[in-house]
Every structure is written in structure tokens, then in C-alpha cells.
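Engineer: structure.cif is reproduced in full below (mmCIF, C-alpha atoms).
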```cif
data_final
loop_
_atom_site.label_atom_id
_atom_site.label_comp_id
_atom_site.auth_asym_id
_atom_site.auth_seq_id
_atom_site.Cartn_x
_atom_site.Cartn_y
_atom_site.Cartn_z
CA MET A 30 -95.69 -46.00 -232.06
CA THR A 31 -94.95 -47.23 -235.57
CA GLU A 32 -94.49 -43.79 -237.13
CA LYS A 33 -92.06 -42.74 -234.39
CA ARG A 34 -89.51 -45.43 -235.16
CA LEU A 35 -86.77 -44.24 -237.47
CA ALA A 36 -85.84 -46.69 -240.20
CA VAL A 37 -82.37 -46.45 -241.73
CA VAL A 38 -81.68 -48.00 -245.15
CA THR A 39 -78.19 -48.26 -246.65
CA GLY A 40 -77.72 -48.36 -250.40
CA ALA A 41 -80.98 -46.46 -250.55
CA ALA A 42 -80.74 -44.49 -253.77
CA ARG A 43 -81.71 -47.08 -256.37
CA GLY A 44 -82.90 -50.59 -257.06
CA ILE A 45 -83.92 -52.66 -254.05
CA GLY A 46 -82.90 -49.95 -251.58
CA ARG A 47 -85.08 -47.34 -253.22
CA ALA A 48 -88.06 -49.72 -253.24
CA ILE A 49 -87.49 -50.46 -249.54
CA VAL A 50 -87.46 -46.74 -248.70
CA LEU A 51 -90.73 -46.16 -250.54
CA GLU A 52 -92.43 -49.21 -249.01
CA LEU A 53 -91.42 -48.26 -245.46
CA LEU A 54 -92.69 -44.74 -246.04
CA ARG A 55 -96.02 -46.17 -247.21
CA GLN A 56 -96.13 -48.13 -243.96
CA GLY A 57 -95.90 -44.88 -241.99
CA ARG A 58 -92.22 -44.99 -241.03
CA MET A 59 -89.77 -42.14 -240.77
CA VAL A 60 -86.96 -43.13 -243.12
CA ALA A 61 -83.34 -42.10 -243.55
CA GLY A 62 -81.54 -43.27 -246.67
CA LEU A 63 -77.76 -43.58 -246.95
CA ASP A 64 -75.88 -43.85 -250.22
CA ILE A 65 -72.56 -42.86 -251.77
CA ILE A 66 -73.94 -41.41 -255.03
CA GLU A 67 -75.25 -37.89 -254.44
CA ASP A 68 -77.18 -37.36 -257.67
CA GLN A 69 -79.03 -40.64 -257.20
CA LEU A 70 -79.93 -39.61 -253.65
CA GLN A 71 -81.36 -36.41 -255.10
CA ASP A 72 -83.41 -38.51 -257.53
CA LEU A 73 -84.67 -40.53 -254.57
CA GLU A 74 -85.69 -37.38 -252.73
CA GLN A 75 -87.65 -36.19 -255.77
CA ALA A 76 -89.37 -39.56 -256.19
CA VAL A 77 -90.29 -39.63 -252.50
CA LYS A 78 -91.62 -36.08 -252.66
CA ALA A 79 -93.68 -36.93 -255.75
CA ALA A 80 -95.19 -39.82 -253.81
CA GLY A 81 -96.22 -37.44 -251.03
CA PHE A 82 -93.58 -38.38 -248.47
CA ASP A 83 -90.35 -37.05 -247.00
CA VAL A 84 -87.03 -38.82 -246.56
CA LYS A 85 -83.86 -37.84 -244.76
CA THR A 86 -80.70 -38.59 -246.72
CA ARG A 87 -77.00 -38.84 -245.98
CA CYS A 88 -74.38 -39.06 -248.70
CA LEU A 89 -71.35 -40.99 -247.47
CA ASP A 90 -69.03 -43.91 -248.05
CA ILE A 91 -70.19 -46.56 -245.61
CA THR A 92 -66.77 -48.24 -245.63
CA GLN A 93 -65.44 -45.21 -243.74
CA THR A 94 -66.25 -46.39 -240.24
CA ASP A 95 -65.91 -43.01 -238.52
CA LYS A 96 -68.26 -41.25 -240.97
CA LEU A 97 -70.83 -44.05 -240.91
CA THR A 98 -70.77 -44.16 -237.12
CA GLU A 99 -71.09 -40.39 -236.85
CA ALA A 100 -74.03 -40.28 -239.28
CA LEU A 101 -75.93 -43.06 -237.51
CA GLU A 102 -75.26 -41.67 -234.04
CA SER A 103 -76.51 -38.27 -235.20
CA LEU A 104 -79.71 -39.78 -236.63
CA ALA A 105 -80.24 -41.80 -233.45
CA SER A 106 -79.75 -38.71 -231.30
CA ASP A 107 -82.18 -36.64 -233.38
CA HIS A 108 -84.94 -39.25 -233.43
CA GLY A 109 -84.77 -41.04 -230.12
CA GLY A 110 -82.89 -43.98 -231.53
CA ILE A 111 -82.93 -46.17 -234.61
CA GLY A 112 -85.86 -48.58 -234.61
CA ILE A 113 -85.22 -50.34 -237.90
CA LEU A 114 -81.97 -50.94 -239.74
CA VAL A 115 -81.90 -52.35 -243.25
CA ASN A 116 -78.37 -53.21 -244.39
CA ASN A 117 -78.95 -53.24 -248.12
CA ALA A 118 -75.82 -51.67 -249.62
CA GLY A 119 -73.87 -54.06 -251.80
CA ILE A 120 -71.46 -54.24 -254.70
CA THR A 121 -70.07 -56.92 -256.98
CA ARG A 122 -66.64 -57.42 -258.49
CA ASP A 123 -67.17 -60.72 -260.25
CA LYS A 124 -64.27 -62.78 -261.51
CA LEU A 125 -63.24 -66.39 -261.44
CA MET A 126 -61.56 -67.18 -258.14
CA ILE A 127 -58.13 -67.82 -259.69
CA GLN A 128 -58.26 -64.39 -261.37
CA MET A 129 -59.55 -62.49 -258.34
CA ASP A 130 -57.00 -60.30 -256.56
CA ASP A 131 -57.02 -59.25 -252.91
CA GLU A 132 -58.48 -55.84 -253.69
CA ASP A 133 -61.48 -57.36 -255.47
CA PHE A 134 -62.14 -59.61 -252.50
CA ASP A 135 -61.54 -57.06 -249.77
CA LYS A 136 -63.63 -54.29 -251.35
CA VAL A 137 -66.72 -56.47 -251.65
CA ILE A 138 -66.34 -57.76 -248.10
CA SER A 139 -65.84 -54.20 -246.84
CA VAL A 140 -69.03 -52.84 -248.41
CA ASN A 141 -71.31 -55.86 -248.14
CA LEU A 142 -70.32 -57.29 -244.75
CA ARG A 143 -68.04 -55.10 -242.66
CA ALA A 144 -70.11 -51.93 -243.12
CA ALA A 145 -73.24 -53.89 -242.16
CA PHE A 146 -71.50 -54.94 -238.95
CA VAL A 147 -70.50 -51.35 -238.15
CA ALA A 148 -74.01 -50.03 -238.82
CA THR A 149 -75.58 -52.77 -236.71
CA ARG A 150 -73.17 -52.11 -233.85
CA VAL A 151 -74.28 -48.48 -233.72
CA ALA A 152 -78.00 -49.05 -234.24
CA ALA A 153 -78.19 -51.88 -231.72
CA ARG A 154 -77.24 -49.57 -228.87
CA SER A 155 -80.42 -47.51 -229.14
CA MET A 156 -82.48 -50.60 -229.96
CA ILE A 157 -81.34 -52.27 -226.75
CA ARG A 158 -81.97 -49.08 -224.79
CA ASN A 159 -85.48 -48.73 -226.24
CA LYS A 160 -86.20 -52.47 -225.96
CA PHE A 161 -87.27 -52.59 -229.59
CA GLY A 162 -85.41 -53.14 -232.83
CA ARG A 163 -85.67 -54.72 -236.24
CA ILE A 164 -82.48 -55.54 -238.12
CA VAL A 165 -82.95 -56.77 -241.67
CA ASN A 166 -79.86 -57.71 -243.66
CA ILE A 167 -80.09 -58.12 -247.41
CA SER A 168 -78.16 -61.27 -248.22
CA SER A 169 -78.57 -63.24 -251.47
CA VAL A 170 -79.25 -66.73 -252.75
CA ALA A 171 -75.55 -66.58 -253.68
CA GLY A 172 -74.86 -66.69 -249.95
CA VAL A 173 -77.14 -69.70 -249.57
CA MET A 174 -76.15 -71.70 -252.67
CA GLY A 175 -72.77 -70.31 -253.68
CA GLN A 176 -72.17 -68.78 -257.09
CA ALA A 177 -69.40 -69.49 -259.56
CA GLY A 178 -67.50 -66.35 -260.52
CA SER A 179 -68.64 -64.53 -257.38
CA THR A 180 -66.51 -65.95 -254.57
CA ASN A 181 -66.19 -62.56 -252.90
CA TYR A 182 -69.87 -61.68 -253.24
CA ALA A 183 -71.10 -65.10 -252.09
CA ALA A 184 -68.72 -65.01 -249.13
CA SER A 185 -69.97 -61.57 -248.08
CA LYS A 186 -73.61 -62.64 -248.33
CA ALA A 187 -73.01 -65.91 -246.49
CA GLY A 188 -71.19 -63.89 -243.85
CA LEU A 189 -74.28 -61.72 -243.41
CA ILE A 190 -76.32 -64.83 -242.66
CA GLY A 191 -73.91 -66.01 -239.98
CA MET A 192 -73.66 -62.53 -238.51
CA THR A 193 -77.45 -62.17 -238.43
CA LYS A 194 -77.96 -65.45 -236.60
CA SER A 195 -75.29 -64.52 -234.05
CA ILE A 196 -76.84 -61.10 -233.45
CA ALA A 197 -80.27 -62.69 -233.05
CA ARG A 198 -78.90 -64.91 -230.29
CA GLU A 199 -77.09 -62.04 -228.58
CA ILE A 200 -79.84 -59.46 -228.32
CA GLY A 201 -83.13 -61.26 -228.84
CA LYS A 202 -83.93 -60.94 -225.13
CA LYS A 203 -83.71 -57.16 -225.51
CA GLY A 204 -86.69 -57.01 -227.87
CA VAL A 205 -84.52 -56.87 -230.99
CA THR A 206 -84.94 -59.22 -233.94
CA ALA A 207 -82.41 -59.85 -236.69
CA ASN A 208 -83.27 -61.55 -239.96
CA CYS A 209 -82.00 -61.91 -243.51
CA ILE A 210 -83.71 -61.52 -246.83
CA ALA A 211 -82.00 -63.54 -249.55
CA PRO A 212 -83.18 -62.21 -252.92
CA GLY A 213 -82.85 -64.38 -255.98
CA PHE A 214 -82.79 -63.03 -259.52
CA ILE A 215 -84.30 -59.56 -259.10
CA GLN A 216 -84.74 -57.10 -261.95
CA THR A 217 -82.28 -54.31 -261.08
CA GLY A 218 -79.44 -52.42 -262.72
CA MET A 219 -77.08 -55.06 -261.34
CA THR A 220 -78.84 -57.85 -263.25
CA ALA A 221 -79.72 -55.81 -266.34
CA VAL A 222 -76.14 -56.02 -267.62
CA LEU A 223 -76.17 -59.82 -267.68
CA SER A 224 -76.35 -61.59 -271.02
CA ASP A 225 -79.52 -63.24 -272.34
CA LEU A 226 -77.73 -66.58 -272.02
CA VAL A 227 -77.25 -66.04 -268.27
CA LYS A 228 -80.80 -64.77 -267.82
CA ASN A 229 -82.33 -67.71 -269.67
CA ALA A 230 -80.24 -70.15 -267.64
CA ALA A 231 -81.50 -68.50 -264.45
CA LEU A 232 -85.12 -68.81 -265.54
CA GLU A 233 -84.66 -72.53 -266.01
CA VAL A 234 -83.98 -73.03 -262.28
CA ILE A 235 -86.68 -70.67 -260.98
CA PRO A 236 -89.86 -72.68 -260.34
CA VAL A 237 -92.20 -69.70 -260.74
CA LYS A 238 -90.58 -68.97 -264.14
CA ARG A 239 -90.18 -65.24 -263.72
CA PHE A 240 -87.67 -62.83 -262.29
CA GLY A 241 -88.48 -61.00 -259.10
CA THR A 242 -89.15 -57.29 -258.72
CA VAL A 243 -87.68 -54.85 -256.24
CA GLU A 244 -91.16 -54.51 -254.78
CA ASP A 245 -91.20 -58.25 -253.99
CA VAL A 246 -88.15 -57.73 -251.81
CA ALA A 247 -89.36 -54.46 -250.28
CA LYS A 248 -92.63 -55.98 -249.08
CA ALA A 249 -90.75 -58.84 -247.40
CA VAL A 250 -88.48 -56.32 -245.67
CA ALA A 251 -91.46 -54.28 -244.51
CA PHE A 252 -93.03 -57.39 -242.96
CA LEU A 253 -89.88 -58.34 -241.03
CA ALA A 254 -89.53 -54.71 -239.92
CA GLY A 255 -93.04 -54.61 -238.51
CA ASP A 256 -94.69 -55.42 -235.20
CA GLU A 257 -96.23 -58.58 -236.65
CA ALA A 258 -92.78 -60.17 -237.03
CA GLY A 259 -91.80 -59.83 -233.40
CA TYR A 260 -91.51 -63.60 -232.90
CA ILE A 261 -89.37 -64.16 -236.00
CA THR A 262 -85.61 -63.87 -235.59
CA GLY A 263 -82.43 -65.47 -236.89
CA GLN A 264 -84.18 -66.50 -240.10
CA VAL A 265 -83.29 -66.35 -243.78
CA LEU A 266 -86.26 -65.57 -246.03
CA CYS A 267 -85.45 -66.42 -249.64
CA VAL A 268 -87.36 -64.12 -251.98
CA ASP A 269 -86.32 -66.06 -255.04
CA GLY A 270 -89.27 -67.76 -256.68
CA GLY A 271 -88.11 -71.07 -255.25
CA MET A 272 -84.63 -70.91 -256.77
CA ALA A 273 -82.72 -71.96 -253.64
CA MET A 274 -85.08 -74.53 -252.15
#
```
Show me the file's structure as C-alpha cells.
Structural biologist:
Amino acid sequence: MTEKRLAVVTGAARGIGRAIVLELLRQGRMVAGLDIIEDQLQDLEQAVKAAGFDVKTRCLDITQTDKLTEALESLASDHGGIGILVNNAGITRDKLMIQMDDEDFDKVISVNLRAAFVATRVAARSMIRNKFGRIVNISSVAGVMGQAGSTNYAASKAGLIGMTKSIAREIGKKGVTANCIAPGFIQTGMTAVLSDLVKNAALEVIPVKRFGTVEDVAKAVAFLAGDEAGYITGQVLCVDGGMAM
């Protein structure tokens, strides 16, 4: 049964999303990866092929509701539904709140939160019909703790937590679980651009005294996406080395 469930991952081409795709493939899933950057999707396809697997990809802007809906409905139709949805796509537009304009706020909310809602709305239909589903939303410790200079990002990630808990209450009786992963300081392209001062300050508040890897997050996602996690729903799993406890 496991290998017949299609897993869809947004923001799949690099970083955490790429690691999630590879981990789910190792677990025997069929995987479809969505991303907006075509050349990075091609790199993903090559990496997956080199690892001995195959991935379906769709290049699209997930903030375009019609195109996202069409792509997900097509995948669901081709594969008997969507069994696993990982809403991973996310962007930042960091500024102090008093300097942040409406566009900075709205764009981050659109990608990080609204698109996740649209994708979940589509995927949930086949999950309910098939009486099985795993929804895993990638939030952040910023959504748990707040983060100065990232009002828009923190709001989007906190919104994912509230949305996830609401979805868990709505459709849990249909065999569908919904959970959040809240990564802490993970070594990705998004964190690589931060200054040494910021990185050192982060290390000071991480009890395990190291930054996380994309594989740390991917393995947590794979667990929540699996059969063994069928009695876990509405939860926020912080993969953060203890940062937010």
C-alpha cells in the first residue's frame, strides 16, 4: 500500500524540500515535486535519477490558485489520489516591521500560508475519499517563538500552525492526519547568507550546540507521513535542537 500513495512536495527543488523528496523516495513513495524554478527542478531530477529513483515534477507558481489546483487535480486523477501532502514552499522578505510595506507582507503570506491552504483543499478531497491522508506543513520556530525583523514570515508560519490544528479537527475522523514540523536553524541557502554574528547568536540558544541539517527535517517529515504516525495529529514537532522549548 505504501508505494501506491502519491506524495506531493511543494518547494521541492532545493534545501529542505529536496531532502524531503529524496527521503520519501527512499521510503518507497511515489513523489511529485512542485517548484517555481525550472533549472533547479532539473537538478532535482538528475539527483533523483543518480540515486536510482524517479520523480514527477511540475514547474509552476503556487500563488496562482488556478494553476496549482489544476496541477494537483491532474496528479490526483493520474494516481488515484494524493496520499501525502508536504507544504514546504516558503520565502522570506525580512525587514523591521515599521519598514515593511504591504507587498512584503502579502507576498510572504501568499506563498507560505495561502498556497498551503489551496494545496490542502485540493489534496484533502482525495484523502477523504480514500480514507487515508497525511498532511505535513513546514512551519518554523519563528511561528512558535516570534522573530524580530520577520513579522511577515513569523505570521505566515504561525498561521500554518493554526490552520493545521483546525484541519486536524475537521477531517481526523476521515483517516487524515495533519501535523506541523517547525524547523529551527537549519543549514540551507536561506540561512547561509546570514552573518557570523547572527549564526553565533543562534548557537548560543540551541542546547545541542549545532545547526540542524535538511536530513534532520526530512526524516521527521517521513515519520509523520508514514503508517506509524496514524495516531498523531494536530501536533507541532520542533526540529530545532531544543531552541524553542
Engineer: If you measure from atom CA of Gln176 of chain A to atom CA of Val115 of chain A, what distance in Å do you get, rounded to one decimal?
Structural biologist: 23.6 Å
Engineer: Go through A:Pro212, A:Val137, A:Ile200, A:Thr149 one by one, measure the shortest atom-to-atom distance of each to Ser185 of chain A using all atoms listed in the file, and give the residue with the smallest value.
Structural biologist: A:Val137
Engineer: Quick check on the file I pasted: which residues fall under the PyMOL selection byres ((chain A and resi 167) around 12)? Write them as a PyMOL selection string.
Structural biologist: chain A and resi 38-40+45-46+49+114-120+141-142+145+164-166+168-172+185-190+192-193+207-213+246-247+249-250+253+264-268
Engineer: Write the residues of the preceding selection, restricted to C-alpha atoms, as a PDB file, in the coordinates of the input.
Structural biologist:
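Okay, again_8.pdb is ready:
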```
ATOM      1  CA  VAL A  38     -81.680 -48.000-245.150  1.00  0.00           C
ATOM      2  CA  THR A  39     -78.190 -48.260-246.650  1.00  0.00           C
ATOM      3  CA  GLY A  40     -77.720 -48.360-250.400  1.00  0.00           C
ATOM      4  CA  ILE A  45     -83.920 -52.660-254.050  1.00  0.00           C
ATOM      5  CA  GLY A  46     -82.900 -49.950-251.580  1.00  0.00           C
ATOM      6  CA  ILE A  49     -87.490 -50.460-249.540  1.00  0.00           C
ATOM      7  CA  LEU A 114     -81.970 -50.940-239.740  1.00  0.00           C
ATOM      8  CA  VAL A 115     -81.900 -52.350-243.250  1.00  0.00           C
ATOM      9  CA  ASN A 116     -78.370 -53.210-244.390  1.00  0.00           C
ATOM     10  CA  ASN A 117     -78.950 -53.240-248.120  1.00  0.00           C
ATOM     11  CA  ALA A 118     -75.820 -51.670-249.620  1.00  0.00           C
ATOM     12  CA  GLY A 119     -73.870 -54.060-251.800  1.00  0.00           C
ATOM     13  CA  ILE A 120     -71.460 -54.240-254.700  1.00  0.00           C
ATOM     14  CA  ASN A 141     -71.310 -55.860-248.140  1.00  0.00           C
ATOM     15  CA  LEU A 142     -70.320 -57.290-244.750  1.00  0.00           C
ATOM     16  CA  ALA A 145     -73.240 -53.890-242.160  1.00  0.00           C
ATOM     17  CA  ILE A 164     -82.480 -55.540-238.120  1.00  0.00           C
ATOM     18  CA  VAL A 165     -82.950 -56.770-241.670  1.00  0.00           C
ATOM     19  CA  ASN A 166     -79.860 -57.710-243.660  1.00  0.00           C
ATOM     20  CA  SER A 168     -78.160 -61.270-248.220  1.00  0.00           C
ATOM     21  CA  SER A 169     -78.570 -63.240-251.470  1.00  0.00           C
ATOM     22  CA  VAL A 170     -79.250 -66.730-252.750  1.00  0.00           C
ATOM     23  CA  ALA A 171     -75.550 -66.580-253.680  1.00  0.00           C
ATOM     24  CA  GLY A 172     -74.860 -66.690-249.950  1.00  0.00           C
ATOM     25  CA  SER A 185     -69.970 -61.570-248.080  1.00  0.00           C
ATOM     26  CA  LYS A 186     -73.610 -62.640-248.330  1.00  0.00           C
ATOM     27  CA  ALA A 187     -73.010 -65.910-246.490  1.00  0.00           C
ATOM     28  CA  GLY A 188     -71.190 -63.890-243.850  1.00  0.00           C
ATOM     29  CA  LEU A 189     -74.280 -61.720-243.410  1.00  0.00           C
ATOM     30  CA  ILE A 190     -76.320 -64.830-242.660  1.00  0.00           C
ATOM     31  CA  MET A 192     -73.660 -62.530-238.510  1.00  0.00           C
ATOM     32  CA  THR A 193     -77.450 -62.170-238.430  1.00  0.00           C
ATOM     33  CA  ALA A 207     -82.410 -59.850-236.690  1.00  0.00           C
ATOM     34  CA  ASN A 208     -83.270 -61.550-239.960  1.00  0.00           C
ATOM     35  CA  CYS A 209     -82.000 -61.910-243.510  1.00  0.00           C
ATOM     36  CA  ILE A 210     -83.710 -61.520-246.830  1.00  0.00           C
ATOM     37  CA  ALA A 211     -82.000 -63.540-249.550  1.00  0.00           C
ATOM     38  CA  PRO A 212     -83.180 -62.210-252.920  1.00  0.00           C
ATOM     39  CA  GLY A 213     -82.850 -64.380-255.980  1.00  0.00           C
ATOM     40  CA  VAL A 246     -88.150 -57.730-251.810  1.00  0.00           C
ATOM     41  CA  ALA A 247     -89.360 -54.460-250.280  1.00  0.00           C
ATOM     42  CA  ALA A 249     -90.750 -58.840-247.400  1.00  0.00           C
ATOM     43  CA  VAL A 250     -88.480 -56.320-245.670  1.00  0.00           C
ATOM     44  CA  LEU A 253     -89.880 -58.340-241.030  1.00  0.00           C
ATOM     45  CA  GLN A 264     -84.180 -66.500-240.100  1.00  0.00           C
ATOM     46  CA  VAL A 265     -83.290 -66.350-243.780  1.00  0.00           C
ATOM     47  CA  LEU A 266     -86.260 -65.570-246.030  1.00  0.00           C
ATOM     48  CA  CYS A 267     -85.450 -66.420-249.640  1.00  0.00           C
ATOM     49  CA  VAL A 268     -87.360 -64.120-251.980  1.00  0.00           C
TER      50      VAL A 268
END
```
Engineer: Distance atom CA of Asn181 of chain A-atom CA of Leu125 of chain A, one decimal place?
Structural biologist: 9.8 Å
Engineer: Excluding same-chain residues fewer than 2 positions from segment 99-102 of chain A, what lies within 8 Å of it counting only C-alpha atoms, as JSON, numbers by chain?
Structural biologist: {"A": [87, 95, 96, 97, 104, 105, 106, 148, 151, 152]}
Engineer: Go ahead and save the residues from that selection, with C-alpha atoms, as a PDB file, in the coordinates of the input.
Structural biologist:
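Result file result_3.pdb:
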```pdb
ATOM      1  CA  ARG A  87     -77.000 -38.840-245.980  1.00  0.00           C
ATOM      2  CA  ASP A  95     -65.910 -43.010-238.520  1.00  0.00           C
ATOM      3  CA  LYS A  96     -68.260 -41.250-240.970  1.00  0.00           C
ATOM      4  CA  LEU A  97     -70.830 -44.050-240.910  1.00  0.00           C
ATOM      5  CA  LEU A 104     -79.710 -39.780-236.630  1.00  0.00           C
ATOM      6  CA  ALA A 105     -80.240 -41.800-233.450  1.00  0.00           C
ATOM      7  CA  SER A 106     -79.750 -38.710-231.300  1.00  0.00           C
ATOM      8  CA  ALA A 148     -74.010 -50.030-238.820  1.00  0.00           C
ATOM      9  CA  VAL A 151     -74.280 -48.480-233.720  1.00  0.00           C
ATOM     10  CA  ALA A 152     -78.000 -49.050-234.240  1.00  0.00           C
TER      11      ALA A 152
END
```
Engineer: From the set A:Met274, A:Leu51, A:Ala144, A:Ile261, which residue has the shortest atom-to-atom contact distance to Thr206 of chain A, counting all atoms listed in the file?
Structural biologist: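 So, comparing all the options, the nearest one is A:Ile261.
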Engineer: Hey, which of A:Ile138, A:Met219, A:Val37, A:Ile157 ends up closest to Ser103 of chain A? Count only C-alpha atoms.
Structural biologist: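 Smallest distance to Ser103 of chain A is found for A:Val37.
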Engineer: How many Å lie between atom CA of Thr121 of chain A and atom CA of Lys228 of chain A, rounded to one decimal?
Structural biologist: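 For atom CA of Thr121 of chain A relative to atom CA of Lys228 of chain A, the distance reads 17.2 Å.
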Engineer: Quick one: residues within 12 Å of (-78.2, -41.2, -257.5) (file frame), counting only C-alpha atoms, please, as a JSON list (two decimals) with C-alpha atoms, in the coordinates of the input.
Structural biologist:
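Full text of result17.json as output:
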```
[["chain", "number", "residue", "atom", "x", "y", "z"],
["A", 40, "GLY", "CA", -77.72, -48.36, -250.40],
["A", 41, "ALA", "CA", -80.98, -46.46, -250.55],
["A", 42, "ALA", "CA", -80.74, -44.49, -253.77],
["A", 43, "ARG", "CA", -81.71, -47.08, -256.37],
["A", 44, "GLY", "CA", -82.90, -50.59, -257.06],
["A", 46, "GLY", "CA", -82.90, -49.95, -251.58],
["A", 47, "ARG", "CA", -85.08, -47.34, -253.22],
["A", 62, "GLY", "CA", -81.54, -43.27, -246.67],
["A", 63, "LEU", "CA", -77.76, -43.58, -246.95],
["A", 64, "ASP", "CA", -75.88, -43.85, -250.22],
["A", 65, "ILE", "CA", -72.56, -42.86, -251.77],
["A", 66, "ILE", "CA", -73.94, -41.41, -255.03],
["A", 67, "GLU", "CA", -75.25, -37.89, -254.44],
["A", 68, "ASP", "CA", -77.18, -37.36, -257.67],
["A", 69, "GLN", "CA", -79.03, -40.64, -257.20],
["A", 70, "LEU", "CA", -79.93, -39.61, -253.65],
["A", 71, "GLN", "CA", -81.36, -36.41, -255.10],
["A", 72, "ASP", "CA", -83.41, -38.51, -257.53],
["A", 73, "LEU", "CA", -84.67, -40.53, -254.57],
["A", 74, "GLU", "CA", -85.69, -37.38, -252.73],
["A", 75, "GLN", "CA", -87.65, -36.19, -255.77],
["A", 76, "ALA", "CA", -89.37, -39.56, -256.19],
["A", 86, "THR", "CA", -80.70, -38.59, -246.72],
["A", 87, "ARG", "CA", -77.00, -38.84, -245.98],
["A", 88, "CYS", "CA", -74.38, -39.06, -248.70]]
```
